[in-house]
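Shown next, in structure tokens, is the structure this report addresses.
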Amino acid sequence: MSAKPDVMGFFDEDTATWSYVVWDDSAVAKPCAIIDSVLDYEPNAGRTSTRSADRIIDFISKNQLSTDWILETHIHADHLTASAYLKEKIGGKTAISRHILKVIETWEPVFNNGEDTPRDGSQFDKLFNDDEEFMVGTMSAKIFHTPGHTPADTTYIIGDALFVGDTIFLPDVGTGRCDFPGGSAADSYESTRKIFSLPDDTRLFVGHDYPAGRAPASMTTVGEQKKSNLRVHQGIGRDEFIAKRQHDDTGKPVPKLLLPSIQVNLRAGNFGKKVNDVHYVKIPVDKI
Ligand SMILES: [Fe+2]
């Protein structure tokens, strides 16, 4: 097994999302995992496009990779996952943390979605337990639970690479907001400390980038984060972090794609049952 897997990032300009393909180039079959894919969605027209997902499919096919896993770091509120589309086109098992059961429970009264969004999470092929180990081909991988941004955020460790979702961003950007249901600034702080307990040279790949005055980037190291993350570097204490996080999250606008994203992502990327041969997105009024 390679301790240093290859990683390719794909940046979606519309939602500032990084999706990743991670694979072991030394293995014969080149098995890979896809992390946090994007299904493009134009909300005014209710129109989807697979432009972003097709870039990933092209890359996988050109490099002759085989897809083992289609992973989510959490239930995203700012973009729709392309996991269902990717699974249909190139196979692979969809997976997420078992803690999404709490997220399903939270949103059920909002969307009244019991009919097409199973409470037991069986719409995903696999629900990971905390600290569960798994394989990407011959590479050992592990999850650890890093709540805060949402109660179900997960960091994937594959070889020397961490995929942290929105737990922590690049040093000059900071950390993910904690004002979604079940989010917690205190949990976010503890989660970053868990990440900081890993070796300094561990590569860390972020779920978004919101750069000011530089090109979008995706990677840093644990050591760099400890030294210079503007919100949570090692010199910042728990209370200071929580106070600033809560202050900055107060009155933050709802993400543009929150309502379509949550309901589709809780179905592992599906739009649910068609009515009149049409997929519909529910927009609850005065509920959030
Ligand atoms: Fe997020």
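Within each chain, counting starts at residue 1; across the structure tokens, chains are named A, B, ... in the order shown, with ligands numbered 1 upward in that order.
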Identify, on the basis of only C-alpha atoms, every residue whose closest approach to Val278 of chain A does not exceed 12 Å; exclude the query and any residue fewer than 4 positions from it along the same chain; express the result as a CSV table (one decimal) with N, CA, C and O atoms, in the first residue's frame.
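Below is the file selection_33.csv, written as the result:
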chain,number,residue,atom,x,y,z
A,46,GLY,N,-34.5,25.5,-11.7
A,46,GLY,CA,-34.6,24.2,-11.2
A,46,GLY,C,-33.9,23.2,-12.1
A,46,GLY,O,-34.4,22.1,-12.3
A,47,ARG,N,-32.8,23.6,-12.7
A,47,ARG,CA,-32.1,22.8,-13.7
A,47,ARG,C,-30.8,22.2,-13.2
A,47,ARG,O,-30.0,23.0,-12.7
A,271,PHE,N,-33.4,12.6,-6.3
A,271,PHE,CA,-34.5,13.6,-6.2
A,271,PHE,C,-35.8,13.0,-5.7
A,271,PHE,O,-36.8,13.7,-5.7
A,272,GLY,N,-35.8,11.7,-5.4
A,272,GLY,CA,-37.1,11.1,-4.9
A,272,GLY,C,-38.0,10.7,-6.0
A,272,GLY,O,-37.6,10.7,-7.2
A,273,LYS,N,-39.2,10.3,-5.7
A,273,LYS,CA,-40.2,9.8,-6.6
A,273,LYS,C,-40.6,10.9,-7.6
A,273,LYS,O,-40.9,12.0,-7.2
A,274,LYS,N,-40.8,10.5,-8.9
A,274,LYS,CA,-41.3,11.5,-9.8
A,274,LYS,C,-42.8,11.6,-9.7
A,274,LYS,O,-43.5,10.6,-9.4
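Secondary structure from DSSP on the backbone puts alpha helix (DSSP H) at the following positions of segment 118-239 of chain A: A:Ala185, A:Ala186, A:Asp187, A:Ser188, A:Tyr189, A:Glu190, A:Ser191, A:Thr192, A:Arg193, A:Lys194, A:Ile195, A:Phe196, A:Val222, A:Gly223, A:Glu224, A:Gln225, A:Lys226, A:Lys227, A:Ser228, A:Arg238, A:Asp239.
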Contact residues around Asp201 of chain A with only C-alpha atoms at 7 Å, ignoring same-chain residues under 6 positions, as an MDAnalysis selection string: chainID A and resid 221:223
Using only C-alpha atoms, find each residue of segment 119-167 of chain A with at least one atom at most 9 Å away from an atom of segment 60-73 of chain A; report its shortest atom-to-atom pair and that distance in Å (one decimal), sort the rows by chain and rising residue number, and return the result as a tab-separated table.
residue	atom	partner	partner_atom	distance
A:Met135	CA	A:Asp68	CA	8.8
A:Val136	CA	A:Asp68	CA	6.3
A:Gly137	CA	A:Asp68	CA	7.0
A:Ala152	CA	A:Thr73	CA	8.1
A:Asp153	CA	A:Thr73	CA	5.7
A:Thr154	CA	A:Thr73	CA	4.9
A:Thr155	CA	A:Thr73	CA	6.4
A:Tyr156	CA	A:Thr73	CA	7.5
A:Phe163	CA	A:Thr73	CA	7.8
A:Val164	CA	A:Thr73	CA	7.1
A:Gly165	CA	A:Thr73	CA	5.3
A:Asp166	CA	A:Thr73	CA	8.1
Given only C-alpha atoms and all ligand atoms as the counted atoms, nearest of A:Arg203, A:Lys282, A:Lys244, A:His149 to ligand 1: A:His149
Near-ligand residues for ligand 1, threshold 12 Å, only C-alpha atoms and all ligand atoms, as a ChimeraX atom specification: /A:15-18,36,72-81,147-154,164-169,175-180,183,206-209,254-255,257-258,261-262,265
Within 9 Å of Thr50 of chain A using only C-alpha atoms, minus same-chain residues under 2 positions, as a ChimeraX atom specification: /A:38-41,48,52-55,82,85
Secondary structure check, strand (DSSP E or B) residues of segment 51-210 of chain A, as an MDAnalysis selection string: chainID A and resid 66:71 80 93:97 126:128 133:136 139:145 154:158 161:163 203:205 208
Shortest interatomic distance to Arg119 of chain A - which of A:Lys4, A:Arg238, A:Arg267, A:Lys142, counting only C-alpha atoms: A:Arg267
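Atom pair atom CA of Glu13 of chain A / atom CA of Gly269 of chain A: separated by 20.0 Å.
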Near-Pro171 of chain A list (6 Å; only C-alpha atoms; drop same-chain fewer than 4 positions) as a PyMOL selection string: chain A and resi 225+228-230
Nearby residues (only C-alpha atoms) at most 10 Å from Thr94 of chain A, same-chain spacing under 2 positions excluded, as JSON, numbers by chain: {"A": [33, 34, 35, 68, 69, 70, 71, 72, 83, 84, 86, 87, 91, 92, 96, 123, 124, 125, 126, 127, 268, 269]}
Quick one: write out the picked residues with N, CA, C and O atoms as an mmCIF file, in the first residue's frame?
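What landed in selection-v7.cif:
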data_model
loop_
_atom_site.group_PDB
_atom_site.id
_atom_site.type_symbol
_atom_site.label_atom_id
_atom_site.label_comp_id
_atom_site.auth_asym_id
_atom_site.auth_seq_id
_atom_site.Cartn_x
_atom_site.Cartn_y
_atom_site.Cartn_z
ATOM 1 N N ALA A 33 -11.249 6.563 -4.345
ATOM 2 C CA ALA A 33 -12.434 7.081 -3.653
ATOM 3 C C ALA A 33 -12.696 8.481 -4.186
ATOM 4 O O ALA A 33 -11.750 9.227 -4.473
ATOM 5 N N ILE A 34 -13.963 8.823 -4.313
ATOM 6 C CA ILE A 34 -14.377 10.186 -4.684
ATOM 7 C C ILE A 34 -14.940 10.822 -3.412
ATOM 8 O O ILE A 34 -15.720 10.178 -2.695
ATOM 9 N N ILE A 35 -14.539 12.042 -3.135
ATOM 10 C CA ILE A 35 -14.998 12.705 -1.906
ATOM 11 C C ILE A 35 -15.707 14.017 -2.258
ATOM 12 O O ILE A 35 -15.142 14.851 -2.982
ATOM 13 N N ASP A 68 -14.046 2.622 -5.861
ATOM 14 C CA ASP A 68 -14.478 1.810 -4.715
ATOM 15 C C ASP A 68 -15.548 2.530 -3.907
ATOM 16 O O ASP A 68 -16.529 1.937 -3.498
ATOM 17 N N TRP A 69 -15.316 3.839 -3.669
ATOM 18 C CA TRP A 69 -16.157 4.563 -2.720
ATOM 19 C C TRP A 69 -16.561 5.929 -3.266
ATOM 20 O O TRP A 69 -15.755 6.589 -3.931
ATOM 21 N N ILE A 70 -17.766 6.339 -2.922
ATOM 22 C CA ILE A 70 -18.234 7.706 -3.172
ATOM 23 C C ILE A 70 -18.598 8.260 -1.788
ATOM 24 O O ILE A 70 -19.636 7.891 -1.217
ATOM 25 N N LEU A 71 -17.714 9.080 -1.237
ATOM 26 C CA LEU A 71 -17.792 9.472 0.181
ATOM 27 C C LEU A 71 -18.305 10.899 0.337
ATOM 28 O O LEU A 71 -18.020 11.764 -0.496
ATOM 29 N N GLU A 72 -19.008 11.126 1.447
ATOM 30 C CA GLU A 72 -19.430 12.484 1.807
ATOM 31 C C GLU A 72 -18.844 12.805 3.178
ATOM 32 O O GLU A 72 -18.935 11.977 4.095
ATOM 33 N N SER A 83 -23.483 12.067 -5.983
ATOM 34 C CA SER A 83 -23.173 10.665 -5.668
ATOM 35 C C SER A 83 -24.076 9.670 -6.407
ATOM 36 O O SER A 83 -23.596 8.654 -6.894
ATOM 37 N N ALA A 84 -25.367 9.977 -6.497
ATOM 38 C CA ALA A 84 -26.270 9.028 -7.161
ATOM 39 C C ALA A 84 -25.916 8.910 -8.649
ATOM 40 O O ALA A 84 -25.871 7.820 -9.215
ATOM 41 N N LEU A 86 -22.945 9.560 -10.044
ATOM 42 C CA LEU A 86 -21.650 8.893 -10.185
ATOM 43 C C LEU A 86 -21.796 7.382 -10.000
ATOM 44 O O LEU A 86 -21.225 6.585 -10.740
ATOM 45 N N LYS A 87 -22.571 7.005 -9.011
ATOM 46 C CA LYS A 87 -22.758 5.570 -8.741
ATOM 47 C C LYS A 87 -23.375 4.876 -9.961
ATOM 48 O O LYS A 87 -22.963 3.800 -10.351
ATOM 49 N N GLY A 91 -20.159 3.216 -10.814
ATOM 50 C CA GLY A 91 -20.170 2.289 -9.678
ATOM 51 C C GLY A 91 -19.525 2.882 -8.441
ATOM 52 O O GLY A 91 -19.198 4.067 -8.389
ATOM 53 N N GLY A 92 -19.310 2.047 -7.430
ATOM 54 C CA GLY A 92 -18.765 2.496 -6.150
ATOM 55 C C GLY A 92 -19.855 2.519 -5.095
ATOM 56 O O GLY A 92 -21.048 2.607 -5.416
ATOM 57 N N ILE A 96 -21.238 7.593 4.314
ATOM 58 C CA ILE A 96 -21.253 8.812 5.138
ATOM 59 C C ILE A 96 -21.266 8.349 6.596
ATOM 60 O O ILE A 96 -21.462 7.163 6.875
ATOM 61 N N GLN A 123 -30.506 4.559 2.425
ATOM 62 C CA GLN A 123 -30.272 5.131 1.090
ATOM 63 C C GLN A 123 -28.775 5.202 0.770
ATOM 64 O O GLN A 123 -28.384 5.372 -0.374
ATOM 65 N N PHE A 124 -27.923 5.107 1.793
ATOM 66 C CA PHE A 124 -26.469 5.017 1.596
ATOM 67 C C PHE A 124 -26.059 3.549 1.663
ATOM 68 O O PHE A 124 -26.654 2.768 2.415
ATOM 69 N N ASP A 125 -25.014 3.185 0.905
ATOM 70 C CA ASP A 125 -24.565 1.792 0.960
ATOM 71 C C ASP A 125 -23.892 1.477 2.278
ATOM 72 O O ASP A 125 -23.874 0.336 2.720
ATOM 73 N N LYS A 126 -23.312 2.516 2.891
ATOM 74 C CA LYS A 126 -22.560 2.257 4.124
ATOM 75 C C LYS A 126 -22.659 3.469 5.044
ATOM 76 O O LYS A 126 -22.484 4.614 4.605
ATOM 77 N N LEU A 127 -22.944 3.226 6.327
ATOM 78 C CA LEU A 127 -22.871 4.275 7.349
ATOM 79 C C LEU A 127 -21.682 3.931 8.238
ATOM 80 O O LEU A 127 -21.645 2.854 8.838
ATOM 81 N N ALA A 268 -29.004 10.699 -0.514
ATOM 82 C CA ALA A 268 -27.780 10.218 -1.164
ATOM 83 C C ALA A 268 -27.729 10.648 -2.629
ATOM 84 O O ALA A 268 -27.267 9.906 -3.499
ATOM 85 N N GLY A 269 -28.242 11.850 -2.901
ATOM 86 C CA GLY A 269 -28.105 12.415 -4.251
ATOM 87 C C GLY A 269 -29.295 12.158 -5.155
ATOM 88 O O GLY A 269 -29.253 12.498 -6.339
#
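When atom CA of Ala3 of chain A is paired with atom CA of Gln234 of chain A, their separation reads 26.7 Å.
For the set A:Arg51, A:Lys226, A:Gly213, A:Lys287, the residue with the smallest atom-to-atom gap to Ser197 of chain A is A:Lys226, counting only C-alpha atoms.
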Given only C-alpha atoms as the counted atoms, nearest of A:Val21, A:Ile236, A:Ala95, A:Ala141 to Tyr189 of chain A: A:Ile236
Of the listed residues A:Met219, A:Ala45, A:Ala185, A:Ile104, that which approaches Asp239 of chain A most closely, counting only C-alpha atoms: A:Ala185
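In terms of minimum interatomic distance to Ile195 of chain A, A:Thr146 ranks closest within A:Thr106, A:Thr146, A:Ser26, A:Ser37, counting only C-alpha atoms.
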